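Content type TSV, C-alpha atoms, from the file run-v9.tsv:
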```
chain	number	residue	atom	x	y	z
A	1	MET	CA	0.00	0.00	0.00
A	2	ALA	CA	1.34	3.37	-1.00
A	3	HIS	CA	-0.33	5.09	1.93
A	4	ALA	CA	0.03	2.50	4.62
A	5	GLN	CA	0.81	5.06	7.31
A	6	GLY	CA	-2.78	6.43	7.25
A	7	GLN	CA	-3.94	9.06	9.69
A	8	GLN	CA	-1.63	8.97	12.70
A	9	HIS	CA	-1.91	11.60	15.35
A	10	PRO	CA	-0.86	11.71	18.99
A	11	ILE	CA	-3.49	10.37	21.39
A	12	GLY	CA	-3.46	13.62	23.34
A	13	ILE	CA	-5.37	15.50	20.67
A	14	TYR	CA	-8.24	13.00	20.83
A	15	LEU	CA	-8.40	13.24	24.61
A	16	LYS	CA	-8.42	17.04	24.47
A	17	ILE	CA	-11.23	17.11	21.90
A	18	TRP	CA	-13.12	14.56	23.97
A	19	GLY	CA	-12.84	16.84	26.99
A	20	LEU	CA	-13.95	19.86	24.97
A	21	LEU	CA	-16.99	17.96	23.68
A	22	PHE	CA	-17.92	17.10	27.27
A	23	ILE	CA	-17.65	20.74	28.31
A	24	LEU	CA	-19.69	21.93	25.34
A	25	SER	CA	-22.38	19.30	25.93
A	26	THR	CA	-22.61	20.29	29.56
A	27	ALA	CA	-22.89	23.92	28.50
A	28	SER	CA	-25.73	23.21	26.10
A	29	TYR	CA	-27.51	21.15	28.75
A	30	LEU	CA	-27.18	24.05	31.19
A	31	VAL	CA	-28.90	26.33	28.66
A	32	ASP	CA	-31.99	24.22	29.25
A	33	TYR	CA	-31.38	23.70	32.95
A	34	PHE	CA	-31.25	27.44	33.68
A	35	HIS	CA	-34.26	28.11	31.43
A	36	PHE	CA	-32.66	30.63	29.11
A	37	GLN	CA	-35.35	31.81	26.71
A	38	GLY	CA	-35.73	33.61	23.41
A	39	TYR	CA	-32.86	34.72	21.23
A	40	LEU	CA	-30.22	34.08	23.90
A	41	ARG	CA	-31.31	30.44	24.12
A	42	TRP	CA	-31.35	29.90	20.35
A	43	PHE	CA	-28.03	31.67	19.91
A	44	LEU	CA	-26.31	29.59	22.60
A	45	ILE	CA	-27.80	26.32	21.34
A	46	ILE	CA	-26.58	26.98	17.80
A	47	VAL	CA	-23.12	28.13	18.89
A	48	PHE	CA	-22.51	25.06	21.05
A	49	MET	CA	-23.95	22.79	18.36
A	50	LEU	CA	-21.72	24.18	15.62
A	51	LEU	CA	-18.63	24.03	17.83
A	52	LYS	CA	-19.32	20.39	18.67
A	53	ALA	CA	-20.05	19.45	15.08
A	54	GLY	CA	-16.92	21.25	13.90
A	55	LEU	CA	-14.68	19.49	16.42
A	56	ILE	CA	-16.08	16.07	15.54
A	57	VAL	CA	-15.70	16.55	11.79
A	58	ALA	CA	-12.34	18.30	11.95
A	59	VAL	CA	-10.49	16.10	14.41
A	60	PHE	CA	-12.34	12.84	15.05
A	61	MET	CA	-13.13	12.43	11.36
A	62	HIS	CA	-9.69	13.81	10.39
A	63	MET	CA	-11.07	16.39	8.00
A	64	ILE	CA	-8.43	19.05	8.77
A	65	TRP	CA	-5.75	16.63	7.59
A	66	GLU	CA	-7.47	15.81	4.29
A	67	ARG	CA	-6.68	17.40	0.97
A	68	LEU	CA	-8.81	20.33	-0.16
A	69	ALA	CA	-10.40	18.26	-2.97
A	70	MET	CA	-11.98	15.97	-0.38
A	71	MET	CA	-12.85	18.73	2.07
A	72	TYR	CA	-14.80	20.77	-0.48
A	73	ALA	CA	-16.53	17.73	-1.99
A	74	ILE	CA	-18.00	16.82	1.40
A	75	LEU	CA	-18.50	20.16	3.13
A	76	VAL	CA	-19.84	22.38	0.33
A	77	PRO	CA	-22.88	20.37	-0.93
A	78	PRO	CA	-24.69	20.48	2.47
A	79	LEU	CA	-24.82	24.28	2.12
A	80	LEU	CA	-27.56	23.67	-0.47
A	81	LEU	CA	-29.74	22.61	2.42
A	82	MET	CA	-29.95	26.26	3.42
A	83	VAL	CA	-32.22	26.73	0.39
A	84	LEU	CA	-34.53	23.95	1.55
A	85	LEU	CA	-34.46	25.44	5.04
A	86	GLY	CA	-35.46	28.85	3.70
A	87	ILE	CA	-38.25	27.47	1.53
A	88	GLY	CA	-39.52	25.39	4.45
A	89	ALA	CA	-39.55	28.38	6.77
A	90	LEU	CA	-41.44	30.58	4.29
A	91	GLU	CA	-43.97	27.88	3.55
A	92	ALA	CA	-44.49	26.99	7.21
A	93	ASP	CA	-45.01	30.63	8.10
A	94	TYR	CA	-47.63	30.95	5.38
A	95	THR	CA	-49.36	27.74	6.48
A	96	PHE	CA	-49.46	29.01	10.03
A	97	PHE	CA	-51.02	32.22	8.81
A	98	THR	CA	-53.70	30.48	6.72
A	99	ARG	CA	-54.49	28.07	9.56
A	100	GLY	CA	-54.94	31.03	11.84
A	101	ALA	CA	-57.11	32.83	9.30
A	102	PHE	CA	-59.39	29.92	8.42
A	103	PHE	CA	-59.47	27.74	11.53
A	104	GLY	CA	-58.48	30.40	14.01
A	105	ALA	CA	-61.96	30.81	15.50
A	106	ALA	CA	-62.23	27.19	16.62
A	107	PRO	CA	-59.58	26.75	19.38
A	108	PRO	CA	-60.95	28.49	22.49
A	109	PRO	CA	-57.76	29.37	24.49
A	110	ALA	CA	-56.23	32.46	22.94
A	111	GLN	CA	-52.82	32.07	24.62
A	112	HIS	CA	-52.00	29.24	22.20
A	113	VAL	CA	-51.14	31.69	19.43
A	114	PRO	CA	-47.50	32.80	19.73
A	115	ALA	CA	-47.12	36.56	19.88
A	116	GLN	CA	-44.75	36.98	16.96
A	117	HIS	CA	-47.34	35.54	14.55
A	118	ARG	CA	-50.47	37.63	14.20
B	119	MET	CA	-3.78	1.08	-6.13
B	120	THR	CA	-0.59	2.89	-6.99
B	121	THR	CA	-0.60	6.63	-6.60
B	122	SER	CA	0.25	8.51	-9.76
B	123	GLY	CA	3.61	10.17	-10.02
B	124	GLY	CA	5.11	8.06	-7.25
B	125	SER	CA	7.63	10.33	-5.63
B	126	LEU	CA	6.34	13.62	-7.05
B	127	PRO	CA	4.76	15.66	-4.26
B	128	LEU	CA	1.16	16.73	-4.84
B	129	PRO	CA	0.51	20.49	-4.93
B	130	GLU	CA	-1.15	21.88	-1.82
B	131	GLY	CA	-3.95	24.37	-1.21
B	132	LEU	CA	-6.24	25.67	-3.94
B	133	GLN	CA	-3.72	24.69	-6.59
B	134	GLY	CA	-3.87	21.17	-5.23
B	135	PHE	CA	-7.67	21.27	-5.32
B	136	VAL	CA	-7.67	22.19	-9.01
B	137	ALA	CA	-4.88	19.74	-9.81
B	138	ASP	CA	-6.66	16.85	-8.02
B	139	TRP	CA	-9.97	17.41	-9.75
B	140	SER	CA	-8.45	17.97	-13.19
B	141	SER	CA	-5.98	15.11	-12.97
B	142	ASP	CA	-8.05	12.77	-15.21
B	143	GLN	CA	-7.63	10.22	-12.43
B	144	ARG	CA	-9.28	9.59	-9.12
B	145	ALA	CA	-9.87	12.96	-7.49
B	146	PHE	CA	-9.43	11.90	-3.87
B	147	LYS	CA	-5.72	11.37	-3.52
B	148	GLY	CA	-4.00	10.00	-0.47
B	149	VAL	CA	-7.11	8.32	0.93
B	150	PRO	CA	-8.16	4.70	0.58
B	151	TRP	CA	-11.10	4.31	-1.82
B	152	GLY	CA	-13.26	2.83	0.95
B	153	LYS	CA	-12.82	5.96	3.02
B	154	ALA	CA	-13.73	8.27	0.13
B	155	MET	CA	-16.83	6.19	-0.56
B	156	MET	CA	-17.82	6.23	3.10
B	157	TRP	CA	-17.59	10.02	3.03
B	158	ILE	CA	-19.83	10.15	-0.06
B	159	PHE	CA	-22.33	7.87	1.68
B	160	LEU	CA	-22.27	10.06	4.77
B	161	LEU	CA	-22.88	13.10	2.57
B	162	SER	CA	-26.04	11.45	1.23
B	163	ASP	CA	-27.05	10.52	4.77
B	164	THR	CA	-26.59	14.16	5.76
B	165	PHE	CA	-29.25	15.07	3.23
B	166	ILE	CA	-31.63	12.43	4.60
B	167	PHE	CA	-31.29	13.58	8.20
B	168	SER	CA	-31.46	17.22	7.16
B	169	SER	CA	-34.70	16.54	5.32
B	170	PHE	CA	-36.13	15.06	8.49
B	171	LEU	CA	-35.00	17.98	10.61
B	172	ILE	CA	-36.30	20.55	8.12
B	173	ALA	CA	-39.64	18.71	7.91
B	174	TYR	CA	-39.73	18.83	11.72
B	175	MET	CA	-39.06	22.57	11.64
B	176	TRP	CA	-41.88	22.91	9.11
B	177	VAL	CA	-44.50	21.13	11.22
B	178	ARG	CA	-43.39	22.83	14.40
B	179	MET	CA	-43.58	26.29	12.82
B	180	SER	CA	-46.90	25.73	11.10
B	181	THR	CA	-48.88	24.12	13.91
B	182	THR	CA	-51.37	26.29	15.78
B	183	GLU	CA	-51.33	23.96	18.80
B	184	PRO	CA	-48.68	24.52	21.48
B	185	TRP	CA	-45.59	22.31	21.02
B	186	PRO	CA	-44.98	19.99	24.01
B	187	ASN	CA	-42.07	21.28	26.09
B	188	PRO	CA	-39.23	18.73	25.56
B	189	SER	CA	-37.59	19.87	28.78
B	190	GLU	CA	-40.60	18.54	30.72
B	191	VAL	CA	-41.50	15.63	28.44
B	192	PHE	CA	-38.02	14.13	28.82
B	193	ALA	CA	-37.58	14.91	32.51
B	194	LEU	CA	-36.93	12.07	34.93
B	195	THR	CA	-37.56	11.88	38.64
B	196	LEU	CA	-34.32	10.80	40.29
B	197	TRP	CA	-33.91	10.58	44.06
B	198	GLY	CA	-37.22	12.29	44.53
B	199	LYS	CA	-36.21	15.28	42.43
B	200	LYS	CA	-37.47	16.09	38.96
B	201	ILE	CA	-34.52	16.80	36.67
B	202	PRO	CA	-35.28	18.22	33.22
B	203	LEU	CA	-33.97	16.45	30.13
B	204	ILE	CA	-31.58	14.35	32.22
B	205	LEU	CA	-31.94	11.13	30.22
B	206	ILE	CA	-31.11	12.92	26.99
B	207	ALA	CA	-28.08	14.56	28.59
B	208	ILE	CA	-26.78	11.16	29.74
B	209	MET	CA	-27.39	9.71	26.28
B	210	THR	CA	-25.39	12.59	24.81
B	211	PHE	CA	-22.44	11.91	27.10
B	212	VAL	CA	-22.57	8.19	26.35
B	213	LEU	CA	-22.46	8.81	22.62
B	214	ILE	CA	-19.66	11.37	22.86
B	215	SER	CA	-17.63	8.96	24.96
B	216	SER	CA	-18.12	6.26	22.35
B	217	SER	CA	-16.81	8.70	19.74
B	218	GLY	CA	-13.72	9.27	21.87
B	219	THR	CA	-12.99	5.57	22.22
B	220	MET	CA	-13.60	5.10	18.49
B	221	ALA	CA	-11.08	7.80	17.58
B	222	MET	CA	-8.50	6.08	19.77
B	223	ALA	CA	-9.31	2.68	18.25
B	224	VAL	CA	-8.44	4.11	14.82
B	225	LYS	CA	-5.16	5.42	16.17
B	226	PHE	CA	-4.18	2.09	17.72
B	227	GLY	CA	-5.31	0.33	14.54
B	228	TYR	CA	-2.80	2.20	12.44
B	229	GLU	CA	-0.16	1.31	15.03
B	230	LYS	CA	-1.17	-2.32	14.48
B	231	ASN	CA	-1.85	-2.67	18.18
B	232	LYS	CA	-4.35	-5.50	17.91
B	233	LYS	CA	-5.28	-5.78	21.56
B	234	MET	CA	-5.94	-2.09	22.20
B	235	THR	CA	-7.87	-1.71	18.95
B	236	PHE	CA	-10.06	-4.67	19.84
B	237	ILE	CA	-10.72	-3.46	23.38
B	238	LEU	CA	-11.54	0.09	22.29
B	239	LEU	CA	-13.85	-1.12	19.50
B	240	LEU	CA	-15.65	-3.31	22.01
B	241	ILE	CA	-16.04	-0.42	24.48
B	242	THR	CA	-17.40	1.71	21.63
B	243	ALA	CA	-19.91	-1.00	20.74
B	244	ALA	CA	-20.92	-1.37	24.40
B	245	LEU	CA	-21.51	2.38	24.73
B	246	GLY	CA	-23.50	2.33	21.50
B	247	ALA	CA	-25.65	-0.52	22.81
B	248	THR	CA	-26.16	1.42	26.06
B	249	PHE	CA	-27.36	4.37	24.03
B	250	VAL	CA	-29.86	2.24	22.10
B	251	GLY	CA	-31.04	0.71	25.38
B	252	MET	CA	-31.69	4.14	26.85
B	253	GLN	CA	-33.52	5.14	23.72
B	254	ALA	CA	-35.72	2.06	24.01
B	255	PHE	CA	-36.46	3.10	27.59
B	256	GLU	CA	-37.34	6.60	26.43
B	257	TRP	CA	-39.64	5.30	23.70
B	258	THR	CA	-41.37	2.97	26.16
B	259	LYS	CA	-41.89	5.82	28.61
B	260	LEU	CA	-43.37	8.11	25.96
B	261	ILE	CA	-45.60	5.41	24.50
B	262	GLU	CA	-46.92	4.65	27.98
B	263	GLU	CA	-47.68	8.34	28.39
B	264	GLY	CA	-49.83	8.15	25.29
B	265	VAL	CA	-47.52	9.68	22.69
B	266	ARG	CA	-48.36	8.35	19.23
B	267	PRO	CA	-47.26	9.41	15.75
B	268	TRP	CA	-50.74	10.87	15.23
B	269	GLY	CA	-51.25	12.58	18.56
B	270	ASN	CA	-50.33	12.99	22.20
B	271	PRO	CA	-51.84	14.39	25.40
B	272	MET	CA	-49.29	17.23	25.73
B	273	GLY	CA	-50.01	19.33	22.68
B	274	ALA	CA	-49.35	19.46	18.95
B	275	ALA	CA	-50.09	16.14	17.26
B	276	GLN	CA	-47.01	16.46	15.05
B	277	PHE	CA	-44.71	16.03	18.05
B	278	GLY	CA	-45.02	12.24	18.04
B	279	ALA	CA	-44.48	11.87	14.31
B	280	ALA	CA	-41.35	14.02	14.38
B	281	PHE	CA	-40.03	12.32	17.52
B	282	PHE	CA	-40.49	8.72	16.39
B	283	MET	CA	-39.26	9.39	12.87
B	284	ILE	CA	-36.11	11.31	13.79
B	285	THR	CA	-34.98	9.38	16.85
B	286	GLY	CA	-36.07	6.11	15.26
B	287	PHE	CA	-33.97	6.71	12.19
B	288	HIS	CA	-31.03	7.76	14.32
B	289	GLY	CA	-31.43	4.76	16.62
B	290	THR	CA	-31.43	2.47	13.59
B	291	HIS	CA	-28.14	4.00	12.51
B	292	VAL	CA	-26.68	3.42	15.96
B	293	SER	CA	-27.89	-0.20	16.00
B	294	ILE	CA	-26.37	-0.89	12.59
B	295	GLY	CA	-23.19	0.80	13.81
B	296	VAL	CA	-23.00	-1.50	16.83
B	297	ILE	CA	-23.26	-4.56	14.58
B	298	PHE	CA	-20.67	-3.07	12.21
B	299	LEU	CA	-18.35	-2.38	15.19
B	300	ILE	CA	-18.62	-5.93	16.48
B	301	ILE	CA	-17.82	-7.32	13.03
B	302	VAL	CA	-14.74	-5.11	12.71
B	303	ALA	CA	-13.68	-5.94	16.27
B	304	ILE	CA	-13.81	-9.67	15.48
B	305	LYS	CA	-11.78	-9.14	12.32
B	306	VAL	CA	-9.17	-7.27	14.35
B	307	LEU	CA	-9.02	-9.94	17.04
B	308	ARG	CA	-8.71	-12.80	14.54
B	309	GLY	CA	-5.81	-11.02	12.86
B	310	ASP	CA	-7.67	-10.75	9.52
B	311	LEU	CA	-6.25	-7.27	9.06
B	312	ASP	CA	-2.68	-8.21	9.98
B	313	HIS	CA	-2.72	-11.12	7.54
B	314	GLU	CA	-4.55	-9.13	4.86
B	315	ARG	CA	-7.28	-11.72	4.52
B	316	PRO	CA	-10.01	-10.63	2.10
B	317	GLY	CA	-13.28	-9.72	3.76
B	318	PHE	CA	-16.80	-10.97	3.25
B	319	LEU	CA	-18.11	-10.33	-0.30
B	320	THR	CA	-14.84	-8.80	-1.45
B	321	GLY	CA	-11.56	-9.98	-2.89
B	322	ARG	CA	-9.65	-6.99	-1.58
B	323	LYS	CA	-7.06	-7.49	1.11
B	324	GLY	CA	-8.04	-6.53	4.62
B	325	ASN	CA	-6.07	-3.81	6.37
B	326	TYR	CA	-6.44	-1.36	9.22
B	327	GLU	CA	-7.93	1.31	6.99
B	328	ILE	CA	-11.32	-0.34	7.49
B	329	VAL	CA	-11.15	0.66	11.15
B	330	GLU	CA	-10.94	4.30	10.12
B	331	THR	CA	-13.77	3.89	7.61
B	332	MET	CA	-15.87	2.29	10.33
B	333	GLY	CA	-14.88	5.17	12.60
B	334	LEU	CA	-16.16	7.73	10.09
B	335	TYR	CA	-19.58	6.10	10.19
B	336	TRP	CA	-19.59	6.03	13.96
B	337	HIS	CA	-18.54	9.68	14.35
B	338	PHE	CA	-21.26	10.62	11.87
B	339	VAL	CA	-23.87	8.98	14.09
B	340	ASP	CA	-22.56	11.10	16.96
B	341	LEU	CA	-22.59	14.16	14.70
B	342	VAL	CA	-26.24	13.66	13.80
B	343	TRP	CA	-27.07	13.36	17.47
B	344	VAL	CA	-25.47	16.77	18.09
B	345	PHE	CA	-28.01	18.29	15.70
B	346	ILE	CA	-30.96	16.29	17.03
B	347	PHE	CA	-30.04	17.24	20.58
B	348	ALA	CA	-29.90	20.92	19.65
B	349	PHE	CA	-32.97	21.18	17.46
B	350	PHE	CA	-35.35	18.59	18.85
B	351	TYR	CA	-34.55	18.45	22.56
B	352	LEU	CA	-33.18	21.88	23.41
B	353	TRP	CA	-35.06	24.19	21.01
```
Since I need it in another form, could you write the structure as structure tokens?
Amino acid sequence: MAHAQGQQHPIGIYLKIWGLLFILSTASYLVDYFHFQGYLRWFLIIVFMLLKAGLIVAVFMHMIWERLAMMYAILVPPLLLMVLLGIGALEADYTFFTRGAFFGAAPPPAQHVPAQHR
Amino acid sequence: MTTSGGSLPLPEGLQGFVADWSSDQRAFKGVPWGKAMMWIFLLSDTFIFSSFLIAYMWVRMSTTEPWPNPSEVFALTLWGKKIPLILIAIMTFVLISSSGTMAMAVKFGYEKNKKMTFILLLITAALGATFVGMQAFEWTKLIEEGVRPWGNPMGAAQFGAAFFMITGFHGTHVSIGVIFLIIVAIKVLRGDLDHERPGFLTGRKGNYEIVETMGLYWHFVDLVWVFIFAFFYLW
């Protein structure tokens, strides 16, 4: 095999990343435990999530040691999902609006309708 | 599987990117084919899980019923105290630990340390099985509380459908991963990889690269859980 050496890295880096993932998971759990709400909650959840995902892909899956051809082939296509996400959000918002407009009279408790949607 | 050029060093950076893709040869240089193919598979799996998560976002945004609060739904009473989301937090730590042991198994594999690779693969499989067990417990608990794919007592009917679909699909991946891990662990222990014995359904010689390929799959399962934990349980 021409590339028999494979991906060899000191064990310390795995242990450090492992520790970091534990800290980040604890942090994201604490977001729920301390009942952070609203934009602060969403911001923290996404930050911790992206940090964890990045560490796993970069180090555990060895992506930072791969050649750029591989990196781009795997990491760029998922960005397309942002389009689906956007379309989904628009459509869901509209559906919520029409449900409110046409079936809105039926559910008796008014507090069920979130404030940001009229 | 000889690399082109032999001793010629491959260009790095963006130049390397262009050179690799325009080389009229395999584009992914310096990686075993199995690893490149596993990455492509994981890319397709990313799209599947993303579709589920986006569909979940869609139903959660569009429902006029209140969404059940996951913090309370997944709370457990331990030592007389109600702790929110504790089971999910433990599951997260179990899965992250299994990712750590997997990464080390890959490292020891390339060092041809048969014993350590085997032990670490087995620990990874055991942690994976623990995770699936806890998920089965969670499903049982929710089903007993009356959560169904078409409705539940806590609020929006779509909660059950999203929950069973997303965690079910993820749990299936973990279960398949555990089986895959055990198979690779046995191959390591038997010395199949040291003696380059061909594997099941293939004439190619076995070697320790399959441990890394297996590892990619396992880390991906952990990666998906990171997103499920954030969007389904914490949101």
field: Expected answer as a list in words: all residues with atoms within 10 Å of (-24.9, 9.9, 24.2), only C-alpha atoms
entry: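 Counting only C-alpha atoms, I find these residues within 10 Å of (-24.9, 9.9, 24.2): Ser25 of chain A; Leu205, Ile206, Ala207, Ile208, Met209, Thr210, Phe211, Val212, Leu213, Ile214, Ser215, Ser216, Ser217, Leu245, Gly246, Thr248, Phe249, Val250, Met252, Gln253, Asp340, Trp343, Val344 and Phe347 of chain B.
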statement: Min atom-atom distance to chain B from the set A:Phe103, A:Trp65, A:Tyr39, A:Phe60, counting all atoms listed in the file, belongs to A:Phe60
message: Show me, as a list in words, the residues of chain B whose atoms get within 6 Å of chain A, using only C-alpha atoms for the distance check.
response: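 Written out as asked, the residues are Phe135, Phe146, Trp176, Met179, Ser180, Pro184, Gly218, Ala221, Leu334 and Leu341 of chain B.
Relative to atom CA of B:Ile166, atom CA of B:Val149 is found at 25.1 Å.
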Spatial neighbours of B:Leu194, max dist 7 Å, all atoms listed in the file, sep filter under 4 positions, as a PDB file with C-alpha atoms, in the frame of the given file:
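Full text of around_19.pdb as output:
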```pdb
ATOM      1  CA  LYS B 200     -37.470  16.090  38.960  1.00  0.00           C
ATOM      2  CA  ILE B 201     -34.520  16.800  36.670  1.00  0.00           C
ATOM      3  CA  PRO B 202     -35.280  18.220  33.220  1.00  0.00           C
ATOM      4  CA  ILE B 204     -31.580  14.350  32.220  1.00  0.00           C
ATOM      5  CA  LEU B 205     -31.940  11.130  30.220  1.00  0.00           C
TER       6      LEU B 205
END
```
statement: Pairwise distance, atom CA of A:Met63 with atom CA of B:Lys153, equals 11.7 Å
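Take atom CA of B:Thr219 and atom CA of B:Gly333: the distance between them is 9.8 Å.
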message: Residues near B:Met272, anyone? I mean within 9 Å using all atoms listed in the file, not counting same-chain ones fewer than 2 positions away, as number ranges by chain.
response: B: 184-187, 191, 265, 269-270, 274-275
- request: For stretch 222-231 of chain B, work out the shell of residues within 6 Å, counting only C-alpha atoms and skipping chain neighbours fewer than 3 positions away, then give it as a list in words.
  value: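 The neighbour list is Thr219, Met234, Thr235, Leu238, Tyr326, Val329 and Glu330 of chain B.
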Could you save the residues just selected, with C-alpha atoms, as a compact mmCIF listing (two decimals), keeping the file's coordinate frame?
```txt
# COMPACT_ATOMS: atom_id res chain seq x y z
CA THR B 219 -12.99 5.57 22.22
CA MET B 234 -5.94 -2.09 22.20
CA THR B 235 -7.87 -1.71 18.95
CA LEU B 238 -11.54 0.09 22.29
CA TYR B 326 -6.44 -1.36 9.22
CA VAL B 329 -11.15 0.66 11.15
CA GLU B 330 -10.94 4.30 10.12
```
Could N, CA and C atoms be built for stretch 44-60 of chain A and written out as a CSV table (one decimal), in the coordinates of the input?
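The resulting rebuild-v3.csv:
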```
chain,number,residue,atom,x,y,z
A,44,LEU,N,-27.2,30.5,21.9
A,44,LEU,CA,-26.3,29.6,22.6
A,44,LEU,C,-26.4,28.2,22.1
A,45,ILE,N,-27.6,27.7,21.8
A,45,ILE,CA,-27.8,26.3,21.3
A,45,ILE,C,-27.0,26.1,20.0
A,46,ILE,N,-27.2,27.1,19.1
A,46,ILE,CA,-26.6,27.0,17.8
A,46,ILE,C,-25.1,27.1,17.9
A,47,VAL,N,-24.6,28.0,18.7
A,47,VAL,CA,-23.1,28.1,18.9
A,47,VAL,C,-22.5,26.8,19.4
A,48,PHE,N,-23.1,26.3,20.5
A,48,PHE,CA,-22.5,25.1,21.0
A,48,PHE,C,-22.6,23.9,20.1
A,49,MET,N,-23.8,23.9,19.3
A,49,MET,CA,-24.0,22.8,18.4
A,49,MET,C,-22.9,22.9,17.3
A,50,LEU,N,-22.7,24.1,16.7
A,50,LEU,CA,-21.7,24.2,15.6
A,50,LEU,C,-20.3,23.9,16.1
A,51,LEU,N,-20.0,24.3,17.3
A,51,LEU,CA,-18.6,24.0,17.8
A,51,LEU,C,-18.4,22.5,18.0
A,52,LYS,N,-19.4,21.8,18.5
A,52,LYS,CA,-19.3,20.4,18.7
A,52,LYS,C,-19.2,19.7,17.3
A,53,ALA,N,-20.1,20.1,16.4
A,53,ALA,CA,-20.0,19.4,15.1
A,53,ALA,C,-18.7,19.7,14.4
A,54,GLY,N,-18.2,20.9,14.5
A,54,GLY,CA,-16.9,21.2,13.9
A,54,GLY,C,-15.8,20.4,14.5
A,55,LEU,N,-15.8,20.3,15.8
A,55,LEU,CA,-14.7,19.5,16.4
A,55,LEU,C,-14.7,18.0,16.0
A,56,ILE,N,-16.0,17.5,15.9
A,56,ILE,CA,-16.1,16.1,15.5
A,56,ILE,C,-15.6,15.9,14.1
A,57,VAL,N,-16.1,16.7,13.2
A,57,VAL,CA,-15.7,16.6,11.8
A,57,VAL,C,-14.2,16.8,11.6
A,58,ALA,N,-13.7,17.9,12.2
A,58,ALA,CA,-12.3,18.3,12.0
A,58,ALA,C,-11.3,17.3,12.5
A,59,VAL,N,-11.5,16.9,13.8
A,59,VAL,CA,-10.5,16.1,14.4
A,59,VAL,C,-10.8,14.6,14.4
A,60,PHE,N,-12.0,14.3,15.0
A,60,PHE,CA,-12.3,12.8,15.0
A,60,PHE,C,-12.4,12.2,13.7
```
